$ cat run-v4.txt   # compact mmCIF, C-alpha atoms and all ligand atoms
# COMPACT_ATOMS: atom_id res chain seq x y z
CA MET A 52 88.34 168.25 155.80
CA ALA A 53 88.78 171.98 155.86
CA ASP A 54 88.50 174.11 152.82
CA LEU A 55 92.14 174.96 152.28
CA SER A 56 91.43 177.85 150.01
CA LYS A 57 89.93 179.69 152.95
CA ASN A 58 92.97 180.50 155.01
CA ASP A 59 91.74 183.22 157.25
CA ASN A 60 89.54 181.88 159.98
CA ALA A 61 90.47 184.44 162.60
CA GLY A 62 87.32 186.45 162.12
CA GLY A 63 84.67 183.86 161.28
CA VAL A 64 85.01 181.00 163.77
CA SER A 65 83.99 181.40 167.38
CA GLU A 66 86.34 180.15 170.06
CA ASP A 67 83.81 177.53 171.19
CA ALA A 68 83.48 176.14 167.68
CA ALA A 69 87.26 176.04 167.38
CA VAL A 70 87.59 174.16 170.68
CA ALA A 71 84.84 171.70 169.68
CA ALA A 72 86.44 171.01 166.30
CA ILE A 73 89.77 170.29 167.92
CA GLU A 74 88.34 167.89 170.46
CA THR A 75 86.48 165.61 168.01
CA PRO A 76 88.56 162.53 167.24
CA ALA A 77 90.25 162.49 163.85
CA GLN A 78 89.27 159.90 161.30
CA ARG A 79 91.96 157.45 160.30
CA GLY A 80 93.47 158.10 156.93
CA GLU A 81 92.89 161.83 157.10
CA PRO A 82 95.91 164.04 157.52
CA ILE A 83 96.04 165.11 161.13
CA LEU A 84 98.33 168.00 160.25
CA GLN A 85 98.49 169.88 156.95
CA VAL A 86 101.31 172.34 156.57
CA ARG A 87 101.00 174.78 153.72
CA ASN A 88 103.64 177.22 152.52
CA LEU A 89 104.95 177.78 156.02
CA GLN A 90 107.42 180.62 156.43
CA LYS A 91 109.46 182.07 159.26
CA HIS A 92 111.67 185.05 158.57
CA PHE A 93 113.68 186.37 161.51
CA PRO A 94 114.39 190.08 161.05
CA LEU A 95 118.03 191.16 160.89
CA THR A 96 118.45 194.52 162.60
CA GLN A 97 121.19 197.09 162.84
CA GLY A 98 121.75 199.78 165.44
CA ILE A 99 121.24 199.74 169.21
CA LEU A 100 118.68 202.42 169.93
CA PHE A 101 116.80 202.50 166.66
CA LYS A 102 116.70 198.95 165.46
CA LYS A 103 116.59 199.26 161.72
CA LYS A 104 115.54 196.19 159.80
CA VAL A 105 118.27 195.47 157.26
CA GLY A 106 117.14 192.06 156.08
CA ALA A 107 115.77 188.74 157.22
CA VAL A 108 117.01 185.25 157.95
CA LYS A 109 114.71 183.05 155.92
CA ALA A 110 114.90 180.13 158.32
CA VAL A 111 111.78 178.46 156.87
CA ASP A 112 110.72 179.67 153.46
CA GLY A 113 107.67 177.92 152.08
CA VAL A 114 107.41 174.41 153.48
CA SER A 115 104.39 172.17 152.79
CA PHE A 116 103.65 168.62 153.91
CA ASP A 117 100.96 166.42 155.43
CA LEU A 118 101.18 164.26 158.53
CA PHE A 119 98.80 161.31 158.60
CA GLN A 120 97.37 159.79 161.72
CA GLY A 121 99.57 157.11 163.25
CA GLU A 122 102.50 157.69 160.90
CA THR A 123 106.02 158.91 161.50
CA LEU A 124 107.25 161.62 159.20
CA GLY A 125 111.01 162.03 159.41
CA ILE A 126 112.57 165.40 158.60
CA VAL A 127 116.26 165.40 157.73
CA GLY A 128 118.71 168.04 156.59
CA GLU A 129 121.97 169.69 157.57
CA SER A 130 122.30 171.80 160.66
CA GLY A 131 120.77 175.25 160.11
CA CYS A 132 118.35 174.22 157.35
CA GLY A 133 115.33 175.15 159.48
CA LYS A 134 114.23 171.88 161.07
CA SER A 135 113.90 173.20 164.62
CA THR A 136 112.15 176.30 163.38
CA VAL A 137 109.56 174.12 161.63
CA ALA A 138 109.08 172.23 164.91
CA LYS A 139 108.57 175.47 166.84
CA LEU A 140 106.10 176.74 164.25
CA LEU A 141 104.08 173.54 164.49
CA MET A 142 103.98 173.94 168.27
CA ASN A 143 103.09 177.60 167.90
CA LEU A 144 106.17 178.48 169.96
CA GLU A 145 107.12 180.83 167.13
CA ARG A 146 104.62 182.86 165.15
CA ALA A 147 104.69 182.05 161.44
CA THR A 148 105.58 184.89 159.07
CA ALA A 149 103.21 183.36 156.51
CA GLY A 150 101.54 180.07 155.71
CA GLU A 151 99.19 177.77 157.56
CA VAL A 152 99.28 174.74 159.81
CA PHE A 153 95.93 172.97 159.77
CA TYR A 154 95.34 170.66 162.71
CA LYS A 155 92.14 168.75 161.96
CA GLY A 156 91.11 171.50 159.63
CA GLN A 157 91.85 174.43 161.99
CA ASP A 158 94.62 176.83 161.10
CA ILE A 159 96.50 176.85 164.39
CA THR A 160 98.89 179.62 163.39
CA ARG A 161 96.05 182.07 163.92
CA LEU A 162 94.60 180.68 167.14
CA SER A 163 94.99 182.20 170.56
CA GLY A 164 93.57 181.85 174.06
CA ARG A 165 91.50 178.79 174.92
CA ALA A 166 91.53 177.32 171.41
CA LEU A 167 95.33 177.48 171.28
CA LYS A 168 95.55 175.82 174.69
CA ALA A 169 93.34 172.97 173.46
CA VAL A 170 95.63 172.46 170.47
CA ARG A 171 98.75 172.58 172.61
CA ARG A 172 97.41 169.71 174.67
CA ASN A 173 97.27 167.54 171.58
CA ILE A 174 100.59 168.51 170.04
CA GLN A 175 103.56 167.93 172.32
CA MET A 176 107.29 168.09 171.86
CA VAL A 177 110.31 166.07 172.93
CA PHE A 178 113.52 168.07 172.82
CA GLN A 179 117.03 167.18 171.81
CA ASP A 180 118.97 167.71 174.93
CA PRO A 181 117.67 165.90 177.98
CA TYR A 182 120.37 167.68 180.04
CA THR A 183 119.12 171.20 179.50
CA SER A 184 115.41 170.67 178.86
CA LEU A 185 114.76 169.38 182.39
CA ASN A 186 114.89 171.85 185.28
CA PRO A 187 117.69 170.59 187.61
CA ARG A 188 115.98 172.00 190.72
CA MET A 189 112.74 170.12 190.25
CA THR A 190 112.02 166.49 191.05
CA VAL A 191 110.88 164.19 188.30
CA GLY A 192 107.43 164.19 189.85
CA ASP A 193 107.27 167.99 189.64
CA ILE A 194 108.69 168.10 186.10
CA ILE A 195 106.08 165.73 184.75
CA GLY A 196 103.32 166.93 187.09
CA GLU A 197 103.88 170.55 186.08
CA THR A 198 101.99 169.94 182.84
CA PHE A 199 98.89 169.16 184.90
CA ASP A 200 98.98 172.65 186.45
CA ILE A 201 98.26 174.05 183.00
CA HIS A 202 95.75 171.34 182.11
CA PRO A 203 94.16 170.30 185.45
CA GLU A 204 91.32 168.58 183.58
CA VAL A 205 93.70 165.73 182.66
CA ALA A 206 94.63 164.86 186.24
CA PRO A 207 92.84 166.36 189.24
CA LYS A 208 95.13 167.39 192.14
CA GLY A 209 94.70 164.28 194.28
CA ASP A 210 95.34 162.01 191.31
CA ARG A 211 98.58 163.50 190.06
CA ARG A 212 101.14 161.44 191.95
CA ARG A 213 99.58 158.21 190.77
CA LYS A 214 99.37 159.53 187.22
CA VAL A 215 103.06 160.55 187.21
CA GLN A 216 104.05 157.12 188.54
CA GLU A 217 101.99 155.50 185.82
CA LEU A 218 103.80 157.60 183.21
CA LEU A 219 107.20 156.64 184.64
CA ASP A 220 106.19 153.01 184.36
CA VAL A 221 105.02 153.48 180.76
CA VAL A 222 108.44 154.85 179.72
CA GLY A 223 110.30 152.08 181.51
CA LEU A 224 111.42 153.91 184.64
CA ASN A 225 110.87 152.77 188.21
CA PRO A 226 107.81 154.64 189.58
CA GLU A 227 109.65 154.97 192.89
CA TYR A 228 112.06 157.43 191.24
CA ILE A 229 109.36 160.09 191.43
CA ASN A 230 111.23 162.14 194.07
CA ARG A 231 114.61 162.06 192.35
CA TYR A 232 116.28 164.95 190.56
CA PRO A 233 117.39 164.92 186.89
CA HIS A 234 121.11 164.67 187.75
CA GLN A 235 120.47 161.31 189.39
CA PHE A 236 119.60 159.80 186.00
CA SER A 237 121.63 158.78 182.96
CA GLY A 238 121.18 160.51 179.58
CA GLY A 239 118.87 157.79 178.27
CA GLN A 240 116.78 157.84 181.45
CA ARG A 241 116.49 161.61 181.25
CA GLN A 242 115.19 161.38 177.72
CA ARG A 243 112.63 158.87 179.03
CA ILE A 244 111.56 161.54 181.51
CA GLY A 245 111.28 163.99 178.60
CA ILE A 246 109.10 161.49 176.77
CA ALA A 247 106.94 160.91 179.85
CA ARG A 248 106.43 164.67 180.07
CA GLY A 249 105.47 164.72 176.39
CA LEU A 250 102.94 161.94 176.97
CA ALA A 251 101.41 163.38 180.13
CA LEU A 252 98.52 165.13 178.41
CA ASN A 253 97.65 162.23 176.12
CA PRO A 254 98.62 164.02 172.94
CA GLU A 255 97.93 162.85 169.41
CA ILE A 256 101.05 164.28 167.84
CA ILE A 257 104.55 164.34 169.26
CA ILE A 258 107.17 166.45 167.57
CA CYS A 259 110.58 165.03 168.34
CA ASP A 260 113.43 167.42 167.62
CA GLU A 261 116.63 165.35 167.50
CA PRO A 262 115.43 163.28 170.46
CA VAL A 263 118.37 160.87 170.47
CA SER A 264 121.14 162.98 168.95
CA ALA A 265 122.73 163.73 172.32
CA LEU A 266 122.69 160.08 173.44
CA ASP A 267 125.21 157.24 173.11
CA VAL A 268 124.57 154.96 170.16
CA SER A 269 123.65 151.99 172.38
CA VAL A 270 121.14 154.08 174.28
CA GLN A 271 119.71 155.60 171.09
CA ALA A 272 118.31 152.22 170.03
CA GLN A 273 116.57 151.73 173.38
CA VAL A 274 114.92 155.13 173.24
CA ILE A 275 113.87 154.61 169.60
CA ASN A 276 112.36 151.23 170.51
CA LEU A 277 110.47 152.83 173.37
CA MET A 278 109.13 155.52 171.06
CA GLU A 279 107.94 152.91 168.55
CA LYS A 280 106.24 150.94 171.29
CA LEU A 281 104.48 154.04 172.60
CA GLN A 282 103.38 154.99 169.10
CA ASP A 283 101.55 151.65 168.77
CA GLU A 284 100.13 151.76 172.26
CA PHE A 285 98.77 155.29 172.06
CA ASN A 286 98.25 155.65 168.29
CA LEU A 287 100.59 158.61 168.16
CA SER A 288 101.65 160.51 165.06
CA TYR A 289 105.29 161.55 165.11
CA ILE A 290 107.31 164.18 163.38
CA PHE A 291 110.83 162.94 163.89
CA ILE A 292 113.57 165.46 163.20
CA ALA A 293 117.17 164.29 163.00
CA HIS A 294 120.34 164.61 161.02
CA ASP A 295 121.20 160.92 161.36
CA LEU A 296 119.79 159.39 158.19
CA SER A 297 119.90 155.75 159.34
CA ILE A 298 117.88 156.46 162.47
CA VAL A 299 115.32 158.39 160.44
CA ARG A 300 114.96 155.53 157.98
CA HIS A 301 114.49 153.07 160.81
CA ILE A 302 111.66 154.95 162.48
CA SER A 303 109.94 156.80 159.60
CA ASP A 304 107.10 155.84 157.27
CA ARG A 305 107.81 158.88 155.14
CA VAL A 306 110.74 161.25 155.00
CA GLY A 307 111.10 164.89 154.03
CA VAL A 308 114.52 166.30 153.12
CA MET A 309 115.09 169.97 153.90
CA TYR A 310 117.69 172.29 152.42
CA LEU A 311 118.07 175.95 153.32
CA GLY A 312 114.52 176.56 154.54
CA LYS A 313 112.78 174.51 151.86
CA MET A 314 111.64 170.95 151.35
CA ALA A 315 113.81 169.42 148.63
CA GLU A 316 112.11 166.05 148.43
CA ILE A 317 109.44 164.09 150.26
CA GLY A 318 108.32 160.46 149.93
CA THR A 319 108.11 157.09 151.63
CA ASP A 320 111.29 155.79 153.25
CA THR A 321 111.86 153.43 150.29
CA GLN A 322 111.34 156.20 147.75
CA ILE A 323 113.73 158.56 149.48
CA TYR A 324 116.45 156.08 150.43
CA ASP A 325 116.36 153.72 147.45
CA HIS A 326 115.22 156.10 144.68
CA PRO A 327 116.21 159.62 145.69
CA THR A 328 115.50 162.02 142.84
CA HIS A 329 116.82 165.32 144.17
CA PRO A 330 120.58 165.80 143.79
CA TYR A 331 120.76 167.11 147.34
CA THR A 332 119.15 163.94 148.72
CA GLN A 333 121.52 161.88 146.58
CA ALA A 334 124.52 163.74 147.95
CA LEU A 335 123.28 163.46 151.51
CA LEU A 336 122.71 159.72 151.18
CA SER A 337 126.03 159.11 149.49
CA ALA A 338 127.68 160.10 152.76
CA VAL A 339 125.89 157.39 154.78
CA PRO A 340 128.10 154.38 155.55
CA VAL A 341 126.96 151.17 153.84
CA PRO A 342 127.70 147.86 155.61
CA ASP A 343 127.64 145.70 152.45
CA PRO A 344 131.15 145.77 150.83
CA ASP A 345 129.81 145.07 147.29
CA ALA A 346 127.29 147.85 147.51
CA ARG A 347 130.00 150.07 148.94
CA ALA A 348 132.36 149.38 146.04
CA ASN A 349 129.70 150.24 143.46
CA ARG A 350 128.73 153.42 145.10
CA GLU A 351 129.74 156.87 144.15
CA ARG A 352 130.45 159.26 146.94
CA ILE A 353 129.21 162.71 146.03
CA ILE A 354 131.32 165.45 147.56
CA LEU A 355 129.61 168.80 147.46
CA THR A 356 131.67 171.87 146.77
CA GLY A 357 131.08 175.25 148.34
CA ASP A 358 129.34 176.11 151.58
CA VAL A 359 125.66 176.21 152.33
CA PRO A 360 124.59 179.75 151.33
CA SER A 361 123.36 182.06 154.08
CA PRO A 362 119.63 181.85 154.77
CA ALA A 363 119.71 185.66 154.86
CA ASN A 364 120.63 185.73 151.20
CA PRO A 365 119.56 182.44 149.62
CA PRO A 366 119.88 181.74 145.88
CA SER A 367 116.76 182.39 143.82
CA GLY A 368 114.91 179.45 142.33
CA CYS A 369 116.25 176.10 143.48
CA ARG A 370 118.11 176.71 146.70
CA PHE A 371 120.57 173.96 145.88
CA ARG A 372 121.57 175.17 142.43
CA THR A 373 124.76 176.93 143.54
CA ARG A 374 126.18 173.57 144.63
CA CYS A 375 124.43 171.29 142.17
CA TRP A 376 126.24 169.47 139.35
CA LYS A 377 123.03 169.29 137.32
CA ALA A 378 122.20 172.98 137.57
CA GLN A 379 121.09 174.79 134.42
CA GLU A 380 119.49 178.09 133.59
CA LYS A 381 115.97 176.93 134.36
CA CYS A 382 116.96 176.12 137.94
CA ALA A 383 116.76 179.86 138.61
CA VAL A 384 113.01 179.26 138.62
CA GLU A 385 111.69 177.36 141.57
CA MET A 386 110.01 173.99 141.24
CA PRO A 387 107.78 173.82 144.30
CA VAL A 388 107.32 170.61 146.24
CA LEU A 389 103.67 170.00 146.77
CA ALA A 390 102.46 168.23 149.80
CA VAL A 391 100.29 165.21 149.09
CA PRO A 392 98.49 165.73 145.76
CA GLU A 393 94.74 166.15 145.87
CA ARG A 394 94.01 162.68 144.50
CA PHE A 395 95.79 161.03 147.42
CA ARG A 396 94.07 162.97 150.13
CA GLY A 397 91.98 160.86 152.45
CA GLN A 398 93.65 157.60 151.45
CA ASP A 399 95.33 155.43 154.00
CA THR A 400 98.65 155.20 152.17
CA PRO A 401 100.21 158.49 151.25
CA ALA A 402 102.06 157.39 148.11
CA ALA A 403 103.26 160.67 146.71
CA HIS A 404 106.92 161.14 145.94
CA GLU A 405 107.62 164.79 145.32
CA SER A 406 110.91 166.36 144.37
CA ALA A 407 111.80 170.02 143.95
CA CYS A 408 114.30 169.22 141.19
CA HIS A 409 113.58 170.07 137.54
CA PHE A 410 115.55 166.99 136.53
CA ALA A 411 114.06 164.47 138.93
CA GLU A 412 113.76 161.39 136.76
CA GLU A 413 111.00 159.97 138.88
CA LYS A 414 109.27 163.16 139.69
CA SER A 415 105.87 161.75 138.95
CA VAL A 416 103.97 159.85 141.60
CA LEU A 417 105.45 156.38 142.13
CA ALA A 418 103.62 153.28 143.18
CA VAL A 419 104.67 151.99 146.58
N1 LIG B 501 115.49 183.23 166.97
C1 LIG B 501 116.23 183.32 165.86
N2 LIG B 501 116.67 184.51 165.39
C2 LIG B 501 117.40 184.60 164.25
N3 LIG B 501 117.77 183.55 163.51
C3 LIG B 501 117.38 182.32 163.92
C4 LIG B 501 116.60 182.13 165.12
N4 LIG B 501 116.37 180.80 165.28
C5 LIG B 501 116.97 180.19 164.23
N5 LIG B 501 117.59 181.10 163.43
C6 LIG B 501 118.33 180.80 162.18
O1 LIG B 501 117.47 180.09 161.32
C7 LIG B 501 118.16 179.09 160.63
C8 LIG B 501 117.51 177.73 160.90
O2 LIG B 501 117.74 177.35 162.24
P1 LIG B 501 117.18 176.01 162.88
O3 LIG B 501 115.72 175.92 162.61
O4 LIG B 501 117.60 175.96 164.29
O5 LIG B 501 117.95 174.89 162.03
P2 LIG B 501 118.18 173.34 162.33
O6 LIG B 501 117.30 172.93 163.44
O7 LIG B 501 117.87 172.66 161.03
O8 LIG B 501 119.62 173.20 162.64
C9 LIG B 501 119.61 179.18 161.08
O9 LIG B 501 120.32 179.93 160.13
C10 LIG B 501 119.52 179.90 162.40
O10 LIG B 501 120.69 180.62 162.64
MG MG B 502 117.78 172.00 165.25
$ encode --input "run-v4.txt" --output "structure tokens" --more "lines below"
Ligand SMILES: Nc1ncnc2c1ncn2[C@@H]1O[C@H](COP(=O)(O)OP(=O)(O)O)[C@@H](O)[C@H]1O
Ligand SMILES: [Mg+2]
Amino acid sequence: MADLSKNDNAGGVSEDAAVAAIETPAQRGEPILQVRNLQKHFPLTQGILFKKKVGAVKAVDGVSFDLFQGETLGIVGESGCGKSTVAKLLMNLERATAGEVFYKGQDITRLSGRALKAVRRNIQMVFQDPYTSLNPRMTVGDIIGETFDIHPEVAPKGDRRRKVQELLDVVGLNPEYINRYPHQFSGGQRQRIGIARGLALNPEIIICDEPVSALDVSVQAQVINLMEKLQDEFNLSYIFIAHDLSIVRHISDRVGVMYLGKMAEIGTDTQIYDHPTHPYTQALLSAVPVPDPDARANRERIILTGDVPSPANPPSGCRFRTRCWKAQEKCAVEMPVLAVPERFRGQDTPAAHESACHFAEEKSVLAV
């Protein structure tokens, strides 16, 4: 495990050492990814010639969590709360304004060159929209095979066609479709192609940003089942971003709830769905349809008033306090959500339930 207090490794570690550290297999039970106080502020500028910075959109503003090997961490929250930005930061597609992402102990937000390429191989992404994320002018074989151009060590030239066909088979598509174009497939099949592309380099982590949100409900289940099967087969760790709370519960071991660039609450699926302690989580869950009529009758639907504040000018302290029915003076001071507390690190079951609410009744660590 890395020493987390030492967050600047840009100077000290040689590129070779960084590459070697990344390529050693992770031990089970260790967090494979540790995110600490991650921030992304997009500058707001004014003027055409002289772009003057007049503020910043605080898309992600201090997010911390751990991802354990082989688990699925769901991230939920309303549109615009910063979920996709977190995904891009984890992939290093956006440079973090501040904070760290430790992958097997290496802070990947500060890597570049060969070491970054080695990390990228192990952390892959599946995007929301299978219609726009696949190039319409390329065949499926080229779309999936393209990844091997960047990482030829995974599949030497002569071996690529066979490897692509194998991947098509793994995701439940006919290997003979290799010469077809994306428009010849249905939405669900296209997302299978997206997943095959994500798997091509044998990654350890797949970050799925709303992978089934654009699909029909009947197809969503098939794709989710496929993803669960692949997780077992290849011992993958998933970060599964979605706004559909039932899907997230189905697939996740743990769930983090985001609001306006911050993590409001994080815990196991049972902790979050059956014992939510943050008023925002409670409000979010109260909107989910319940099939059981008795449970439905006893349930209070929480209707939030007011709009989500702008991330360019968020409230101080608890981000939710402007819409919260429990809000009091002390909510103007932030209650940070920790990731997994020190005493749980290295254990197989991450049991921490953390809530950013001052009034969370069950704020302490619960037994699972
Ligand atoms: N490149 C960018 N430049 C400026 N603002 C951005 C950029 N990308 C995202 N944002 C803003 O950051 C916030 C979070 O966006 P995003 O991460 O896409 O949210 P989500 O995926 O949860 O819907 C939004 O207010 C969005 O408008
Ligand atoms: Mg998004």
$ residues_near_point --input "run-v4.txt" --point "(117.0, 153.2, 169.2)" --cutoff "12 Å" --atoms "all atoms listed in the file" --output "PyMOL selection string"
chain A and resi 239+242+262-264+266-280+295+297-302
$ atom_distance --input "run-v4.txt" --atom1 "atom CA of A:Asp220" --atom2 "atom CA of A:Ile194"
15.4 Å
$ closest_residue --input "run-v4.txt" --among "A:Val359, A:Leu296, A:Leu224, A:Ile317" --to "A:Ala338" --atoms "only C-alpha atoms"
A:Leu296
$ closest_residue --input "run-v4.txt" --among "A:His234, A:Arg165, A:His294, A:Lys102" --to "ligand MG 502 (chain B)" --atoms "only C-alpha atoms and all ligand atoms"
A:His294
$ residues_near_ligand --input "run-v4.txt" --ligand "ligand MG 502 (chain B)" --cutoff "8 Å" --atoms "all atoms listed in the file" --output "list of chain:residue names"
A:Ser130, A:Gly131, A:Gly133, A:Lys134, A:Ser135, A:Thr136, A:Asp260, A:Glu261
$ residues_near_ligand --input "run-v4.txt" --ligand "ligand LIG 501 (chain B)" --cutoff "10 Å" --atoms "all atoms listed in the file" --output "number ranges by chain"
A: 91-95, 107-111, 126-140, 145, 260-261, 292-294, 309-312, 360-363
$ closest_atom_pairs --input "run-v4.txt" --of "stretch 233-348 of chain A" --to "stretch 371-390 of chain A" --cutoff "8 Å" --atoms "all atoms listed in the file" --output "JSON lines"
{"residue": "A:Tyr310", "atom": "CA", "partner": "A:Phe371", "partner_atom": "CA", "distance": 7.3}
{"residue": "A:Met314", "atom": "CA", "partner": "A:Val388", "partner_atom": "CA", "distance": 6.7}
{"residue": "A:Ala315", "atom": "CA", "partner": "A:Val388", "partner_atom": "CA", "distance": 7.0}
{"residue": "A:Glu316", "atom": "CA", "partner": "A:Val388", "partner_atom": "CA", "distance": 7.0}
{"residue": "A:Ile317", "atom": "CA", "partner": "A:Val388", "partner_atom": "CA", "distance": 7.9}
{"residue": "A:Pro330", "atom": "CA", "partner": "A:Cys375", "partner_atom": "CA", "distance": 6.9}
{"residue": "A:Tyr331", "atom": "CA", "partner": "A:Phe371", "partner_atom": "CA", "distance": 7.0}
$ write_last_selection --input "run-v4.txt" --atoms "C-alpha atoms" --output "CSV table (one decimal), in the coordinates of the input"
chain,number,residue,atom,x,y,z
A,310,TYR,CA,117.7,172.3,152.4
A,314,MET,CA,111.6,171.0,151.4
A,315,ALA,CA,113.8,169.4,148.6
A,316,GLU,CA,112.1,166.0,148.4
A,317,ILE,CA,109.4,164.1,150.3
A,330,PRO,CA,120.6,165.8,143.8
A,331,TYR,CA,120.8,167.1,147.3
